[in-house]
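Here is the structure we will look at, set down as structure tokens.
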2 protein chains.
Amino acid sequence: MKRADPMRVTVFSRMTTLRHYRLCPHSRSIRILLGELSIATTLIEDKPWTWPEDLLAVNPAGELPVLVTREEEPVCGAYAISEWLSEDVVREHPDGSGGERARQGHVFPGSASERAEVRRLVDWFHGKMHRDVTGFLLEEKVYARFRAEGGGSPDAEMLRSVQSNMRQHLRYVEHLTSARKWLAGETLSFADLAAAGQISVVDYLGGIDWAGHDAAKLWYARIKSRPSVREILSERVPGAPVPPDYYDDPDF
Amino acid sequence: MKRADPMRVTVFSRMTTLRHYRLCPHSRSIRILLGELSIATTLIEDKPWTWPEDLLAVNPAGELPVLVTREEEPVCGAYAISEWLSEDVVREHPDGSGGERARQGHVFPGSASERAEVRRLVDWFHGKMHRDVTGFLLEEKVYARFRAEGGGSPDAEMLRSVQSNMRQHLRYVEHLTSARKWLAGETLSFADLAAAGQISVVDYLGGIDWAGHDAAKLWYARIKSRPSVREILSERVPGAPVPPDYYDDPDF
């Protein structure tokens, strides 16, 4: 049955809306970014494994997140959304360049080459780590379970290979945070939020052994303490595996 | 054996350098972009399936392409490079906003929401189509062959599923180009170049049946005619499958 609720349209035209899934890592990085930028957002949750028709209508790729602007235009995917948010201030404060720099600074701070480093790392976490680790764990431990009511156990050999990949990614975070305060340098950037999106989902699914990675832990403790992240870590998904005790504890 | 060639360093500091592989689709989209922007570039070819150490030294992900700037700073991956190039003019012509708009217009043209559409499609081709089609074909038909000297035949069931994915992607290009001159709208954008990178590699490997997709063919014929693309289509890779006769013919 189609809904034709005029109130809903009114809300859409006033508020930024984000279509997301609570355990989708790319949705998480954009939710954290919206929180960091203090952009009030209406959340609509989709179940991406069901390929919902009204999601396909706004994003033919069927992927999350999708941001629906106050002008009701969809911005599809974490890449387009993060870049759109970095440009957003130009439209909101057309009177001066100060506003533009403030917003762009928050998402992709620094010089052109520093921004290239931020984007390299965003690609690392949204692309490489998702391919190597997060995508497989989500599919096997969450989506397959919901799709097939019960599902089977993940292939043991694949799981070992994904666990080994995760150890490499954690070592890389340890390497970066041993030399830098934040992943891309001395300033918080979208690289940290992209990493937090992936890492928090793998951590929910019990896929990270933090022992012996003190610099990475210190960095993640600072990430966990941010209000934008705390809210997300307080959520639980019925039917998904139960996260470990330390999952939402900044002092872990 | 390490090379310490001072001439090589001199070349690096004067010219933009691109580390690429001839059949890497992401390398191709950046090579086409550099051509469109008339940026003279020294090409260095890597064999990504061998994980070369000197590539890992500039890009720990071991992925292509990597652009090395005239200041010898690496910009890693098609995402960071395309955004870096869209910002490039600000640094080269700091005297006026005209230059900035001209360059940014070429890569991600239009308003904020039009740029979001360009980036959605870049993500579609660099991400989704690569996962659905190009990555598998390259691995099975090229990299596995070079790695194992001969290799086995690709898994028949996987191959059928990839062929079916390709038909869906071609239908999507047909859908877009039936309504628009270029993929993201009335202007050439990086979305077209990202699509050309993927599609030209799949076409090289004989993976596209163009029959019945007239709008997509017309679009691709216009892409093929561009000097930036012609040069790439004239190249052959010894040891890889031989491309079909029409591969480099704009009138196909």
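By convention here, the chains of the structure tokens are called A, B, ... in the order presented, each chain's residues are numbered starting at 1, and ligands are numbered starting at 1 in the order presented.
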>> Show me, as a PyMOL selection string, the residues that have an atom within 9 Å of Tyr143 (chain A) when counting only C-alpha atoms, minus same-chain residues fewer than 3 positions from it.
In response: chain A and resi 47-49+138-140+146-148+240
>> Residues of chain A within 7 Å of chain B, counting only C-alpha atoms - could you list those as a ChimeraX atom specification?
In response: /A:75-77,80,84,112,116,119-120
>> Could you list, as a PyMOL selection string, every residue within 7 Å of Gly197 (chain B), counting only C-alpha atoms and ignoring same-chain residues fewer than 2 positions away?
In response: chain B and resi 25-26+28-29+193-195+199-201
>> Considering only helix (DSSP H, G or I) as DSSP defines it on the backbone, what residues of region 1-242 of chain B qualify? List them as a PyMOL selection string.
In response: chain B and resi 6-14+25-36+48-50+53-58+77-92+97-107+112-148+156-179+190-204+214-225+227-233
>> Quick check, in Å to one decimal: how far apart do CA of Thr134 (chain A) and CA of Val68 (chain A) lie?
In response: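 Taking CA of Thr134 (chain A) as the start and CA of Val68 (chain A) as the end point, the length is 25.4 Å.
Put simply, CA of Glu36 (chain A) is 6.2 Å away from CA of Ser228 (chain A).
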>> Which residues are close to Ile232 (chain B), i.e. within 10 Å by only C-alpha atoms, leaving aside same-chain residues fewer than 3 positions away? Reply as a ChimeraX atom specification.
In response: /B:22-23,28,31-32,197,200,224,227-229,235-236,248
Selection file, C-alpha atoms, as a PDB file, in the first residue's frame:
ATOM      1  CA  ARG B  22      47.455  -0.602 -19.106  1.00  0.00           C
ATOM      2  CA  LEU B  23      44.471  -2.828 -18.301  1.00  0.00           C
ATOM      3  CA  ARG B  28      42.577   4.286 -17.456  1.00  0.00           C
ATOM      4  CA  ARG B  31      44.860   8.698 -17.798  1.00  0.00           C
ATOM      5  CA  ILE B  32      41.817   9.862 -19.788  1.00  0.00           C
ATOM      6  CA  GLY B 197      37.825   3.115 -17.887  1.00  0.00           C
ATOM      7  CA  SER B 200      36.981  -0.251 -22.281  1.00  0.00           C
ATOM      8  CA  LYS B 224      36.143   6.417 -28.351  1.00  0.00           C
ATOM      9  CA  PRO B 227      42.121  11.737 -28.464  1.00  0.00           C
ATOM     10  CA  SER B 228      42.539  11.001 -24.730  1.00  0.00           C
ATOM     11  CA  VAL B 229      40.805   7.640 -25.248  1.00  0.00           C
ATOM     12  CA  GLU B 235      47.632  -0.176 -26.884  1.00  0.00           C
ATOM     13  CA  ARG B 236      47.893  -3.970 -26.747  1.00  0.00           C
ATOM     14  CA  ASP B 248      39.347   0.498 -30.989  1.00  0.00           C
TER      15      ASP B 248
END
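As for CA of Met15 (chain A) and CA of Trp51 (chain A), they are spaced 24.8 Å apart.
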